[in-house]
file final.cif (mmCIF, C-alpha atoms)
data_coords
loop_
_atom_site.label_atom_id
_atom_site.label_comp_id
_atom_site.auth_asym_id
_atom_site.auth_seq_id
_atom_site.Cartn_x
_atom_site.Cartn_y
_atom_site.Cartn_z
CA MET A 255 28.20 -11.16 23.87
CA GLU A 256 28.01 -7.67 22.38
CA HIS A 257 26.14 -4.75 23.90
CA ASN A 258 25.63 -1.21 22.78
CA LEU A 259 26.91 0.35 26.01
CA GLN A 260 25.14 3.68 25.51
CA LEU A 261 21.81 1.91 25.01
CA TYR A 262 22.54 -0.36 27.96
CA GLN A 263 22.99 2.74 30.11
CA GLU A 264 19.83 4.37 28.73
CA ILE A 265 17.75 1.32 29.69
CA THR A 266 19.42 1.18 33.10
CA ASN A 267 18.62 4.85 33.67
CA ARG A 268 14.98 4.29 32.71
CA ILE A 269 14.69 1.43 35.19
CA THR A 270 16.42 3.37 37.96
CA ALA A 271 14.14 6.35 37.43
CA SER A 272 10.95 4.27 37.57
CA PRO A 273 9.08 4.21 40.93
CA GLN A 274 9.36 0.44 41.33
CA GLN A 275 12.80 0.05 39.72
CA ARG A 276 11.39 -1.86 36.77
CA ILE A 277 9.88 -1.40 33.32
CA THR A 278 7.50 -3.54 31.29
CA PHE A 279 9.02 -5.79 28.65
CA ALA A 280 7.24 -3.63 26.07
CA GLU A 281 9.18 -0.58 27.31
CA TYR A 282 12.42 -2.56 27.20
CA MET A 283 11.74 -3.75 23.64
CA GLU A 284 10.81 -0.21 22.56
CA LEU A 285 14.15 1.13 23.80
CA ALA A 286 16.17 -1.79 22.43
CA LEU A 287 14.74 -1.39 18.93
CA TYR A 288 13.66 2.24 18.55
CA HIS A 289 15.78 4.47 20.78
CA PRO A 290 16.43 7.36 18.35
CA GLU A 291 20.21 7.27 18.79
CA TYR A 292 21.16 3.83 20.06
CA GLY A 293 18.28 1.49 19.15
CA TYR A 294 18.78 -1.44 16.80
CA TYR A 295 16.93 0.17 13.89
CA SER A 296 18.85 3.42 14.30
CA GLN A 297 22.30 1.88 14.64
CA ASN A 298 21.87 -0.99 12.17
CA ALA A 299 19.76 0.56 9.42
CA ALA A 300 22.15 -0.63 6.73
CA ASN A 301 22.63 -4.08 8.28
CA LEU A 302 19.62 -5.74 6.67
CA GLY A 303 19.32 -8.19 3.82
CA LYS A 304 21.18 -11.37 3.04
CA GLU A 305 24.47 -9.93 4.33
CA GLY A 306 22.88 -8.59 7.53
CA ASP A 307 20.90 -10.05 10.42
CA PHE A 308 17.81 -11.07 8.44
CA PHE A 309 16.21 -10.61 5.02
CA THR A 310 12.63 -10.13 3.86
CA SER A 311 10.71 -10.69 0.63
CA VAL A 312 11.95 -7.38 -0.79
CA HIS A 313 15.56 -8.60 -0.71
CA LEU A 314 14.77 -11.35 -3.24
CA GLY A 315 14.33 -9.07 -6.24
CA ALA A 316 11.67 -6.79 -7.68
CA ASP A 317 8.96 -9.44 -8.18
CA PHE A 318 7.41 -9.03 -4.74
CA GLY A 319 6.96 -5.26 -5.19
CA GLU A 320 5.66 -5.70 -8.72
CA MET A 321 3.01 -8.18 -7.57
CA LEU A 322 1.91 -5.75 -4.87
CA ALA A 323 1.72 -2.98 -7.46
CA ILE A 324 -0.71 -5.10 -9.51
CA GLN A 325 -2.94 -5.43 -6.44
CA PHE A 326 -2.78 -1.69 -5.69
CA ILE A 327 -3.79 -0.88 -9.27
CA GLN A 328 -6.88 -3.06 -8.94
CA MET A 329 -7.76 -1.34 -5.65
CA TRP A 330 -7.54 2.01 -7.43
CA GLU A 331 -9.83 0.75 -10.19
CA ILE A 332 -12.38 -0.67 -7.73
CA LEU A 333 -12.54 2.69 -5.94
CA GLY A 334 -13.34 4.43 -9.24
CA LYS A 335 -9.81 5.67 -10.03
CA PRO A 336 -9.75 8.50 -7.47
CA VAL A 337 -7.20 11.31 -7.79
CA PRO A 338 -5.20 11.30 -5.67
CA PHE A 339 -4.95 7.67 -4.65
CA SER A 340 -2.78 7.66 -1.52
CA LEU A 341 -0.49 4.67 -1.13
CA ILE A 342 0.94 4.83 2.38
CA GLU A 343 3.77 2.44 3.23
CA MET A 344 4.29 2.07 6.96
CA GLY A 345 7.78 0.97 7.95
CA ALA A 346 9.57 1.06 4.60
CA GLY A 347 12.86 -0.59 5.59
CA GLN A 348 15.68 0.49 3.31
CA GLY A 349 13.29 1.72 0.60
CA HIS A 350 13.65 -1.27 -1.74
CA LEU A 351 9.94 -2.07 -1.83
CA ALA A 352 8.87 1.50 -2.61
CA LEU A 353 11.38 1.67 -5.45
CA ASP A 354 10.23 -1.66 -6.93
CA ILE A 355 6.57 -0.65 -6.75
CA LEU A 356 7.10 2.80 -8.27
CA ASN A 357 9.42 1.61 -11.04
CA TYR A 358 6.89 -1.01 -12.11
CA ILE A 359 3.98 1.45 -12.06
CA LYS A 360 6.04 3.97 -14.05
CA GLN A 361 6.86 1.38 -16.72
CA GLN A 362 3.51 -0.39 -16.95
CA TYR A 363 0.76 1.93 -15.66
CA PRO A 364 1.62 5.61 -16.26
CA ASP A 365 -2.04 6.64 -15.80
CA PHE A 366 -1.99 5.20 -12.27
CA LEU A 367 1.30 6.97 -11.59
CA GLN A 368 -0.34 10.30 -12.42
CA ALA A 369 -3.03 9.66 -9.81
CA LEU A 370 -0.67 8.25 -7.18
CA LYS A 371 0.46 9.97 -4.01
CA TYR A 372 3.09 7.76 -2.34
CA ILE A 373 3.76 8.40 1.35
CA ILE A 374 6.19 6.68 3.71
CA ILE A 375 5.73 6.60 7.47
CA GLU A 376 9.04 5.69 9.12
CA LYS A 377 9.86 5.80 12.83
CA SER A 378 13.60 5.09 12.57
CA PRO A 379 15.76 8.14 11.71
CA GLY A 380 18.48 5.87 10.31
CA LEU A 381 16.12 4.00 8.01
CA LYS A 382 14.45 7.22 6.90
CA GLN A 383 17.84 8.61 5.86
CA LEU A 384 18.58 5.44 3.85
CA GLN A 385 15.16 5.63 2.19
CA GLN A 386 15.66 9.24 1.18
CA GLN A 387 19.01 8.40 -0.40
CA ARG A 388 17.64 5.43 -2.34
CA LEU A 389 14.44 7.19 -3.41
CA LYS A 390 15.84 10.62 -4.26
CA ASN A 391 14.82 10.29 -7.91
CA VAL A 392 11.16 9.40 -7.31
CA GLU A 393 8.31 11.48 -5.96
CA ILE A 394 7.64 10.44 -2.36
CA ASN A 395 6.56 12.25 0.79
CA TRP A 396 7.56 11.33 4.35
CA CYS A 397 5.40 12.12 7.35
CA SER A 398 4.23 10.68 10.67
CA LEU A 399 0.91 8.97 11.17
CA GLU A 400 -0.05 11.81 13.52
CA GLU A 401 0.36 14.35 10.71
CA ILE A 402 -2.36 12.68 8.63
CA LYS A 403 -5.83 14.05 9.36
CA ASN A 404 -8.68 11.80 10.43
CA ASN A 405 -10.98 10.54 7.67
CA SER A 406 -8.73 12.06 4.99
CA VAL A 407 -7.16 9.15 3.10
CA ILE A 408 -8.60 7.57 -0.02
CA GLY A 409 -6.31 4.73 -1.02
CA CYS A 410 -4.39 2.04 0.84
CA PHE A 411 -2.27 1.78 3.95
CA PHE A 412 0.12 -1.16 3.68
CA SER A 413 2.96 -2.76 5.62
CA ASN A 414 5.36 -5.65 5.14
CA GLU A 415 6.89 -7.19 8.28
CA LEU A 416 6.11 -4.17 10.44
CA LEU A 417 3.85 -5.40 13.23
CA ASP A 418 6.17 -8.23 14.27
CA ALA A 419 8.62 -5.59 15.51
CA PHE A 420 6.07 -3.66 17.58
CA PRO A 421 6.91 -3.81 21.31
CA VAL A 422 4.93 -6.54 23.07
CA HIS A 423 3.94 -7.11 26.68
CA GLN A 424 4.92 -10.52 28.02
CA PHE A 425 2.79 -12.40 30.49
CA ILE A 426 2.82 -15.64 32.43
CA LEU A 427 -0.12 -17.47 33.97
CA GLU A 428 0.04 -18.40 37.65
CA ASN A 429 -2.82 -20.41 39.15
CA GLY A 430 -5.30 -19.11 36.61
CA GLU A 431 -4.23 -15.46 36.92
CA LEU A 432 -2.46 -13.31 34.36
CA ARG A 433 0.81 -11.86 35.66
CA GLU A 434 3.00 -9.48 33.68
CA ILE A 435 6.74 -9.89 33.13
CA TYR A 436 8.85 -6.83 34.00
CA VAL A 437 12.53 -6.07 33.39
CA THR A 438 14.82 -4.87 36.16
CA ILE A 439 18.55 -4.63 36.91
CA LYS A 440 20.36 -7.66 38.20
CA GLY A 441 22.94 -7.09 40.93
CA GLU A 442 26.58 -6.33 40.14
CA GLN A 443 28.50 -9.38 38.91
CA GLU A 444 31.88 -9.91 37.30
CA THR A 445 30.32 -9.28 33.91
CA GLY A 446 28.68 -6.04 35.10
CA LYS A 447 25.01 -5.21 35.51
CA LEU A 448 22.63 -7.57 33.77
CA PHE A 449 18.89 -7.34 33.24
CA THR A 450 16.58 -9.88 34.78
CA GLU A 451 12.84 -10.52 34.90
CA ILE A 452 10.34 -10.21 37.72
CA VAL A 453 6.65 -11.05 37.72
CA ASP A 454 3.84 -8.90 39.16
CA LYS A 455 0.28 -7.80 38.52
CA PRO A 456 -0.48 -6.36 35.05
CA SER A 457 0.58 -2.79 34.30
CA THR A 458 -2.73 -2.17 32.51
CA PRO A 459 -6.17 -3.85 32.50
CA GLU A 460 -5.94 -3.88 28.69
CA LEU A 461 -3.88 -7.08 28.89
CA VAL A 462 -6.76 -8.99 30.48
CA ASN A 463 -9.24 -7.23 28.15
CA TYR A 464 -7.20 -8.36 25.14
CA LEU A 465 -7.64 -12.02 26.05
CA LYS A 466 -11.34 -11.41 26.77
CA LEU A 467 -11.69 -9.86 23.29
CA LEU A 468 -10.42 -13.15 21.89
CA GLU A 469 -12.64 -15.14 24.29
CA ILE A 470 -9.63 -16.93 25.75
CA ASP A 471 -10.37 -18.60 29.10
CA ILE A 472 -7.03 -18.45 30.92
CA SER A 473 -8.34 -20.73 33.68
CA LYS A 474 -8.01 -23.61 31.20
CA TYR A 475 -4.30 -22.98 30.59
CA PRO A 476 -1.56 -24.58 32.67
CA SER A 477 0.35 -22.61 35.28
CA GLY A 478 3.61 -21.37 33.78
CA TYR A 479 2.09 -20.75 30.34
CA ARG A 480 3.91 -17.75 28.82
CA SER A 481 3.17 -15.63 25.77
CA GLU A 482 2.90 -12.07 24.45
CA ILE A 483 0.22 -9.45 23.87
CA ASN A 484 0.70 -6.79 21.20
CA LEU A 485 -1.36 -3.83 22.42
CA ALA A 486 0.63 -1.51 20.16
CA ALA A 487 -0.67 -3.29 17.05
CA LEU A 488 -4.29 -2.75 18.10
CA GLU A 489 -3.66 0.91 18.88
CA TRP A 490 -1.91 1.35 15.54
CA LEU A 491 -4.77 -0.27 13.63
CA GLY A 492 -7.28 1.99 15.35
CA VAL A 493 -5.32 5.09 14.32
CA VAL A 494 -4.99 3.84 10.73
CA ALA A 495 -8.73 3.15 10.58
CA ASN A 496 -9.45 6.68 11.80
CA ARG A 497 -7.24 8.19 9.11
CA LEU A 498 -8.82 6.14 6.31
CA GLN A 499 -11.91 7.53 4.60
CA ARG A 500 -12.26 5.02 1.75
CA GLY A 501 -9.99 2.20 0.81
CA TYR A 502 -7.91 -0.62 2.18
CA VAL A 503 -5.44 -1.72 4.84
CA LEU A 504 -3.07 -4.45 3.63
CA THR A 505 -0.91 -6.19 6.26
CA ILE A 506 1.75 -8.79 5.45
CA ASP A 507 3.63 -10.49 8.27
CA TYR A 508 4.42 -13.77 9.92
CA GLY A 509 1.96 -14.87 12.55
CA TYR A 510 -0.98 -17.07 13.41
CA THR A 511 -4.70 -16.96 13.93
CA GLN A 512 -5.80 -17.04 17.57
CA ASN A 513 -6.29 -20.81 17.89
CA ARG A 514 -2.67 -21.41 16.88
CA TYR A 515 -1.12 -18.37 18.57
CA TYR A 516 -2.53 -19.13 22.01
CA ASN A 517 -2.45 -22.89 21.69
CA PRO A 518 -1.77 -24.37 25.16
CA ARG A 519 1.11 -26.35 23.67
CA ARG A 520 2.86 -23.14 22.55
CA ASP A 521 3.65 -22.36 26.17
CA LYS A 522 6.80 -20.26 25.63
CA GLY A 523 5.26 -17.68 23.28
CA THR A 524 6.67 -16.61 19.92
CA LEU A 525 9.33 -14.04 20.86
CA GLN A 526 12.54 -14.48 18.88
CA CYS A 527 15.74 -12.58 18.18
CA TYR A 528 17.93 -12.42 15.08
CA THR A 529 21.66 -11.78 14.83
CA ARG A 530 23.51 -12.53 11.58
CA HIS A 531 20.70 -14.91 10.52
CA HIS A 532 21.02 -16.79 13.82
CA ARG A 533 17.71 -17.12 15.62
CA HIS A 534 17.39 -17.47 19.39
CA ASN A 535 15.01 -16.38 22.16
CA ASP A 536 17.16 -14.34 24.58
CA PRO A 537 16.36 -10.61 24.27
CA TYR A 538 18.83 -9.68 27.03
CA ILE A 539 22.03 -10.39 25.09
CA ASN A 540 23.47 -8.34 22.24
CA ILE A 541 21.47 -5.34 23.47
CA GLY A 542 20.92 -2.94 20.58
CA GLN A 543 22.76 -5.32 18.25
CA GLN A 544 19.95 -7.76 17.47
CA ASP A 545 16.41 -7.66 16.14
CA ILE A 546 13.61 -8.68 18.51
CA THR A 547 10.27 -9.83 17.09
CA ALA A 548 7.05 -11.63 17.98
CA HIS A 549 4.52 -13.25 15.68
CA VAL A 550 1.36 -11.34 14.81
CA ASP A 551 -2.07 -12.38 16.10
CA PHE A 552 -4.20 -11.97 12.97
CA THR A 553 -7.45 -12.81 14.75
CA ALA A 554 -6.92 -9.86 17.10
CA LEU A 555 -6.26 -7.59 14.11
CA GLN A 556 -9.47 -8.71 12.44
CA GLN A 557 -11.61 -8.31 15.54
CA ASN A 558 -10.10 -4.96 16.45
CA GLY A 559 -10.61 -3.85 12.86
CA ASP A 560 -14.31 -4.68 13.19
CA ARG A 561 -14.48 -2.37 16.21
CA HIS A 562 -13.02 0.49 14.14
CA GLY A 563 -15.12 0.09 11.01
CA LEU A 564 -12.67 -2.06 9.04
CA GLN A 565 -14.28 -4.97 7.22
CA LYS A 566 -12.23 -8.09 6.57
CA ILE A 567 -11.87 -8.60 2.81
CA GLY A 568 -9.53 -11.57 2.90
CA LEU A 569 -6.88 -13.50 4.82
CA THR A 570 -4.55 -15.83 2.97
CA GLN A 571 -0.96 -16.99 2.79
CA GLN A 572 1.63 -14.93 0.94
CA GLY A 573 2.45 -17.75 -1.48
CA LEU A 574 -1.18 -18.11 -2.54
CA PHE A 575 -1.59 -14.32 -2.72
CA LEU A 576 1.42 -13.91 -5.04
CA MET A 577 0.38 -16.88 -7.19
CA ALA A 578 -3.03 -15.28 -7.72
CA LEU A 579 -1.31 -12.06 -8.79
CA GLY A 580 0.74 -13.84 -11.45
CA LEU A 581 3.95 -15.00 -9.82
CA GLY A 582 3.27 -18.55 -10.96
CA GLU A 583 3.33 -17.40 -14.58
CA ARG A 584 6.69 -15.75 -13.97
CA VAL A 585 8.08 -19.01 -12.62
CA ALA A 586 6.67 -20.91 -15.61
CA THR A 587 8.24 -18.57 -18.18
CA LEU A 588 11.73 -18.71 -16.66
CA SER A 589 12.66 -21.57 -18.99
CA GLN A 590 12.17 -19.21 -21.94
CA SER A 591 14.48 -16.58 -20.48
CA LYS A 592 17.74 -15.70 -22.25
CA GLN A 593 19.51 -14.88 -19.00
CA PRO A 594 22.81 -16.62 -18.18
CA LEU A 595 22.24 -19.92 -16.41
CA SER A 596 23.63 -18.67 -13.08
CA SER A 597 21.27 -15.67 -13.09
CA LEU A 598 18.37 -17.87 -14.15
CA LEU A 599 18.95 -20.30 -11.28
CA GLN A 600 19.31 -17.47 -8.80
CA ARG A 601 16.04 -15.88 -9.88
CA ARG A 602 14.22 -19.19 -9.83
CA ASP A 603 15.46 -19.76 -6.27
CA SER A 604 14.26 -16.29 -5.24
CA LEU A 605 10.79 -16.86 -6.69
CA HIS A 606 10.50 -20.22 -4.97
CA GLN A 607 11.49 -18.63 -1.65
CA LEU A 608 8.64 -16.13 -2.01
CA LEU A 609 6.23 -19.05 -2.46
CA ASP A 610 7.67 -21.54 0.05
CA PRO A 611 4.85 -22.37 2.52
CA LEU A 612 7.44 -23.21 5.19
CA GLY A 613 9.13 -19.82 4.77
CA LEU A 614 8.11 -16.48 3.32
CA GLY A 615 5.23 -18.06 1.41
CA GLY A 616 3.65 -19.04 4.72
CA PHE A 617 3.34 -15.43 5.88
CA HIS A 618 -0.19 -14.09 6.25
CA VAL A 619 -1.76 -11.42 4.06
CA LEU A 620 -4.71 -9.60 5.61
CA VAL A 621 -6.78 -7.04 3.70
CA GLN A 622 -9.38 -4.91 5.45
CA ALA A 623 -11.53 -2.16 3.95
CA LYS A 624 -13.49 0.92 5.00
CA GLY A 625 -16.06 3.07 3.27
CA LEU A 626 -16.64 0.77 0.29
CA THR A 627 -20.06 0.30 -1.26
CA THR A 628 -21.63 -3.15 -1.49
CA ALA A 629 -20.81 -3.22 -5.21
CA GLU A 630 -17.15 -2.33 -4.54
CA ILE A 631 -16.84 -5.00 -1.85
CA SER A 632 -18.30 -7.59 -4.22
CA GLN A 633 -15.39 -7.08 -6.63
CA GLN A 634 -12.99 -9.68 -5.31
CA LEU A 635 -9.37 -8.62 -5.05
CA GLN A 636 -7.13 -10.46 -7.49
CA GLY A 637 -4.75 -11.61 -4.77
CA PHE A 638 -7.55 -13.64 -3.17
CA ILE A 639 -8.83 -15.33 -6.34
CA GLN A 640 -7.27 -18.76 -6.17
CA PRO A 641 -6.90 -20.91 -9.30
CA GLN A 642 -9.38 -23.74 -9.63
#
call {"tool": "encode", "arguments": {"input": "final.cif", "output": "structure tokens"}}
result
Amino acid sequence: MEHNLQLYQEITNRITASPQQRITFAEYMELALYHPEYGYYSQNAANLGKEGDFFTSVHLGADFGEMLAIQFIQMWEILGKPVPFSLIEMGAGQGHLALDILNYIKQQYPDFLQALKYIIIEKSPGLKQLQQQRLKNVEINWCSLEEIKNNSVIGCFFSNELLDAFPVHQFILENGELREIYVTIKGEQETGKLFTEIVDKPSTPELVNYLKLLEIDISKYPSGYRSEINLAALEWLGVVANRLQRGYVLTIDYGYTQNRYYNPRRDKGTLQCYTRHHRHNDPYINIGQQDITAHVDFTALQQNGDRHGLQKIGLTQQGLFLMALGLGERVATLSQSKQPLSSLLQRRDSLHQLLDPLGLGGFHVLVQAKGLTTAEISQQLQGFIQPQ
């Protein structure tokens, strides 16, 4: 068991300083992942990809970014080719996706490049430093979401595997009542202080309101049912909607719609941790040395988007989305490639991983829009046009 001892002490200090000697799980997760000095994403910024704790679609080559670029170009065209068209990537990882998108646009669509204003919003200082190193030869701006004025953006906000790492509240149902899970310090043992959980009334009425928004009747769930609520994702979407004047919000992540997320049979929730590609569900080990995630509730995103003026344009699986954008043709033409056999097989494997419905291909792609005319909405996005 490995801990970041400085982070361990920071969390302990936060608990000790709190009036009831406890913090919500969301506070714990926030510190574990995003503490500016000792959090996982600050300390392990370079430890991503196939050699790190986990990898995403962007680590499988440039195809994923190039397919997204094709979709962004169509969005620009539907909006009447505005100048500037702001493309705002939220949570840009190590900068691979931005580089793939911009390189493809530069090579294939120089007129779009002239209109493009690419912005990255990155919370982790370590990741931001990596991005700036990798992207030093392309024109990109970095800022916070707070620095963007309300109703000012014409373009697209997009994210890839961002919301799953937002801090979540955990709850458990007891005799038809929602109770929140808190984190506190366990007594001194031979191994030192350990964190443990306690259960009490909710820290905010928004947890109950969240389930009411989804029309979930908790009285019908068994006692002991446990899951998560991502209030941060709803707050984030509301802020994004306020900043957007005309355009789109594109969200790619792993998750479920409400009926699957809060299925009574999924009674342990979706929280999971990753260390060196090993997945488990104990967030209290390897503190600061492991990723902690929870699946995304796409129904909640859609319904909260409706409340903030975002209209659902489409929801599909990543594999189908990429196929509609032309990834299938790339797979089909591999046999004509003059690459060495080893490179050819490696690329074919990467493309199949992007499409695999049991893996990355099963991720959800949600597109919402604001400020579009009826005629603009009627122009179906290419990523949602499925082959007959």
call {"tool": "atom_distance", "arguments": {"input": "final.cif", "atom1": "CA of Tyr538 (chain A)", "atom2": "CA of Gln424 (chain A)"}}
result
14.0 Å
call {"tool": "closest_residue", "arguments": {"input": "final.cif", "among": "A:Leu461, A:Ala487, A:Leu370, A:Val493", "to": "Glu401 (chain A)", "atoms": "all atoms listed in the file"}}
result
A:Val493
call {"tool": "closest_residue", "arguments": {"input": "final.cif", "among": "A:Leu579, A:Arg601, A:Glu393, A:Tyr502", "to": "Glu320 (chain A)", "atoms": "all atoms listed in the file"}}
result
A:Leu579
call {"tool": "atom_distance", "arguments": {"input": "final.cif", "atom1": "CA of Tyr282 (chain A)", "atom2": "CA of Val422 (chain A)"}}
result
9.4 Å
call {"tool": "atom_distance", "arguments": {"input": "final.cif", "atom1": "CA of Gln328 (chain A)", "atom2": "CA of Leu564 (chain A)"}}
result
18.9 Å
call {"tool": "residues_around", "arguments": {"input": "final.cif", "residues": "Val462 (chain A)", "least_positions_apart": "5", "cutoff": "12 Å", "atoms": "all atoms listed in the file", "output": "PyMOL selection string"}}
result
chain A and resi 423+425-427+430-434+455-457+467-472+482-483+485
call {"tool": "resolve_selection", "arguments": {"input": "final.cif", "expression": "the PyMOL selection byres ((chain A and resi 452) around 6)", "output": "ChimeraX atom specification"}}
result
/A:435-436,451,453
call {"tool": "resolve_selection", "arguments": {"input": "final.cif", "expression": "the PyMOL selection byres ((chain A and resi 395-397) around 8)", "output": "ChimeraX atom specification"}}
result
/A:372-376,393-394,398-399,401-402
call {"tool": "resolve_selection", "arguments": {"input": "final.cif", "expression": "the PyMOL selection byres ((chain A and resi 495) around 12)", "output": "ChimeraX atom specification"}}
result
/A:399,402-411,488-494,496-504,555,558-565,622-625
call {"tool": "residues_around", "arguments": {"input": "final.cif", "residues": "Arg520 (chain A)", "least_positions_apart": "2", "cutoff": "12 Å", "atoms": "all atoms listed in the file", "output": "list of chain:residue names"}}
result
A:Tyr475, A:Pro476, A:Gly478, A:Tyr479, A:Arg480, A:Ser481, A:Glu482, A:Tyr510, A:Gln512, A:Asn513, A:Arg514, A:Tyr515, A:Tyr516, A:Asn517, A:Pro518, A:Lys522, A:Gly523, A:Thr524, A:Leu525
call {"tool": "write_last_selection", "arguments": {"input": "final.cif", "atoms": "C-alpha atoms", "output": "short mmCIF file (atom, residue, chain, number, x, y, z; two decimals), in the frame of the given file"}}
result
data_model
loop_
_atom_site.label_atom_id
_atom_site.label_comp_id
_atom_site.auth_asym_id
_atom_site.auth_seq_id
_atom_site.Cartn_x
_atom_site.Cartn_y
_atom_site.Cartn_z
CA TYR A 475 -4.30 -22.98 30.59
CA PRO A 476 -1.56 -24.58 32.67
CA GLY A 478 3.61 -21.37 33.78
CA TYR A 479 2.09 -20.75 30.34
CA ARG A 480 3.91 -17.75 28.82
CA SER A 481 3.17 -15.63 25.77
CA GLU A 482 2.90 -12.07 24.45
CA TYR A 510 -0.98 -17.07 13.41
CA GLN A 512 -5.80 -17.04 17.57
CA ASN A 513 -6.29 -20.81 17.89
CA ARG A 514 -2.67 -21.41 16.88
CA TYR A 515 -1.12 -18.37 18.57
CA TYR A 516 -2.53 -19.13 22.01
CA ASN A 517 -2.45 -22.89 21.69
CA PRO A 518 -1.77 -24.37 25.16
CA LYS A 522 6.80 -20.26 25.63
CA GLY A 523 5.26 -17.68 23.28
CA THR A 524 6.67 -16.61 19.92
CA LEU A 525 9.33 -14.04 20.86
#
call {"tool": "closest_residue", "arguments": {"input": "final.cif", "among": "A:Val437, A:Val550, A:Leu333, A:Ile359", "to": "Gln274 (chain A)", "atoms": "only C-alpha atoms"}}
result
A:Val437
call {"tool": "closest_residue", "arguments": {"input": "final.cif", "among": "A:Gly293, A:Pro338, A:Gly349, A:Gly315", "to": "Leu605 (chain A)", "atoms": "only C-alpha atoms"}}
result
A:Gly315
call {"tool": "residues_around", "arguments": {"input": "final.cif", "residues": "region 542-546 of chain A", "least_positions_apart": "6", "cutoff": "12 Å", "atoms": "only C-alpha atoms", "output": "PyMOL selection string"}}
result
chain A and resi 255-265+279-280+282-299+301-302+306-309+416-422+524-536
call {"tool": "write_last_selection", "arguments": {"input": "final.cif", "atoms": "C-alpha atoms", "output": "PDB file, keeping the file's coordinate frame"}}
result
ATOM      1  CA  MET A 255      28.200 -11.160  23.870  1.00  0.00           C
ATOM      2  CA  GLU A 256      28.010  -7.670  22.380  1.00  0.00           C
ATOM      3  CA  HIS A 257      26.140  -4.750  23.900  1.00  0.00           C
ATOM      4  CA  ASN A 258      25.630  -1.210  22.780  1.00  0.00           C
ATOM      5  CA  LEU A 259      26.910   0.350  26.010  1.00  0.00           C
ATOM      6  CA  GLN A 260      25.140   3.680  25.510  1.00  0.00           C
ATOM      7  CA  LEU A 261      21.810   1.910  25.010  1.00  0.00           C
ATOM      8  CA  TYR A 262      22.540  -0.360  27.960  1.00  0.00           C
ATOM      9  CA  GLN A 263      22.990   2.740  30.110  1.00  0.00           C
ATOM     10  CA  GLU A 264      19.830   4.370  28.730  1.00  0.00           C
ATOM     11  CA  ILE A 265      17.750   1.320  29.690  1.00  0.00           C
ATOM     12  CA  PHE A 279       9.020  -5.790  28.650  1.00  0.00           C
ATOM     13  CA  ALA A 280       7.240  -3.630  26.070  1.00  0.00           C
ATOM     14  CA  TYR A 282      12.420  -2.560  27.200  1.00  0.00           C
ATOM     15  CA  MET A 283      11.740  -3.750  23.640  1.00  0.00           C
ATOM     16  CA  GLU A 284      10.810  -0.210  22.560  1.00  0.00           C
ATOM     17  CA  LEU A 285      14.150   1.130  23.800  1.00  0.00           C
ATOM     18  CA  ALA A 286      16.170  -1.790  22.430  1.00  0.00           C
ATOM     19  CA  LEU A 287      14.740  -1.390  18.930  1.00  0.00           C
ATOM     20  CA  TYR A 288      13.660   2.240  18.550  1.00  0.00           C
ATOM     21  CA  HIS A 289      15.780   4.470  20.780  1.00  0.00           C
ATOM     22  CA  PRO A 290      16.430   7.360  18.350  1.00  0.00           C
ATOM     23  CA  GLU A 291      20.210   7.270  18.790  1.00  0.00           C
ATOM     24  CA  TYR A 292      21.160   3.830  20.060  1.00  0.00           C
ATOM     25  CA  GLY A 293      18.280   1.490  19.150  1.00  0.00           C
ATOM     26  CA  TYR A 294      18.780  -1.440  16.800  1.00  0.00           C
ATOM     27  CA  TYR A 295      16.930   0.170  13.890  1.00  0.00           C
ATOM     28  CA  SER A 296      18.850   3.420  14.300  1.00  0.00           C
ATOM     29  CA  GLN A 297      22.300   1.880  14.640  1.00  0.00           C
ATOM     30  CA  ASN A 298      21.870  -0.990  12.170  1.00  0.00           C
ATOM     31  CA  ALA A 299      19.760   0.560   9.420  1.00  0.00           C
ATOM     32  CA  ASN A 301      22.630  -4.080   8.280  1.00  0.00           C
ATOM     33  CA  LEU A 302      19.620  -5.740   6.670  1.00  0.00           C
ATOM     34  CA  GLY A 306      22.880  -8.590   7.530  1.00  0.00           C
ATOM     35  CA  ASP A 307      20.900 -10.050  10.420  1.00  0.00           C
ATOM     36  CA  PHE A 308      17.810 -11.070   8.440  1.00  0.00           C
ATOM     37  CA  PHE A 309      16.210 -10.610   5.020  1.00  0.00           C
ATOM     38  CA  LEU A 416       6.110  -4.170  10.440  1.00  0.00           C
ATOM     39  CA  LEU A 417       3.850  -5.400  13.230  1.00  0.00           C
ATOM     40  CA  ASP A 418       6.170  -8.230  14.270  1.00  0.00           C
ATOM     41  CA  ALA A 419       8.620  -5.590  15.510  1.00  0.00           C
ATOM     42  CA  PHE A 420       6.070  -3.660  17.580  1.00  0.00           C
ATOM     43  CA  PRO A 421       6.910  -3.810  21.310  1.00  0.00           C
ATOM     44  CA  VAL A 422       4.930  -6.540  23.070  1.00  0.00           C
ATOM     45  CA  THR A 524       6.670 -16.610  19.920  1.00  0.00           C
ATOM     46  CA  LEU A 525       9.330 -14.040  20.860  1.00  0.00           C
ATOM     47  CA  GLN A 526      12.540 -14.480  18.880  1.00  0.00           C
ATOM     48  CA  CYS A 527      15.740 -12.580  18.180  1.00  0.00           C
ATOM     49  CA  TYR A 528      17.930 -12.420  15.080  1.00  0.00           C
ATOM     50  CA  THR A 529      21.660 -11.780  14.830  1.00  0.00           C
ATOM     51  CA  ARG A 530      23.510 -12.530  11.580  1.00  0.00           C
ATOM     52  CA  HIS A 531      20.700 -14.910  10.520  1.00  0.00           C
ATOM     53  CA  HIS A 532      21.020 -16.790  13.820  1.00  0.00           C
ATOM     54  CA  ARG A 533      17.710 -17.120  15.620  1.00  0.00           C
ATOM     55  CA  HIS A 534      17.390 -17.470  19.390  1.00  0.00           C
ATOM     56  CA  ASN A 535      15.010 -16.380  22.160  1.00  0.00           C
ATOM     57  CA  ASP A 536      17.160 -14.340  24.580  1.00  0.00           C
TER      58      ASP A 536
END
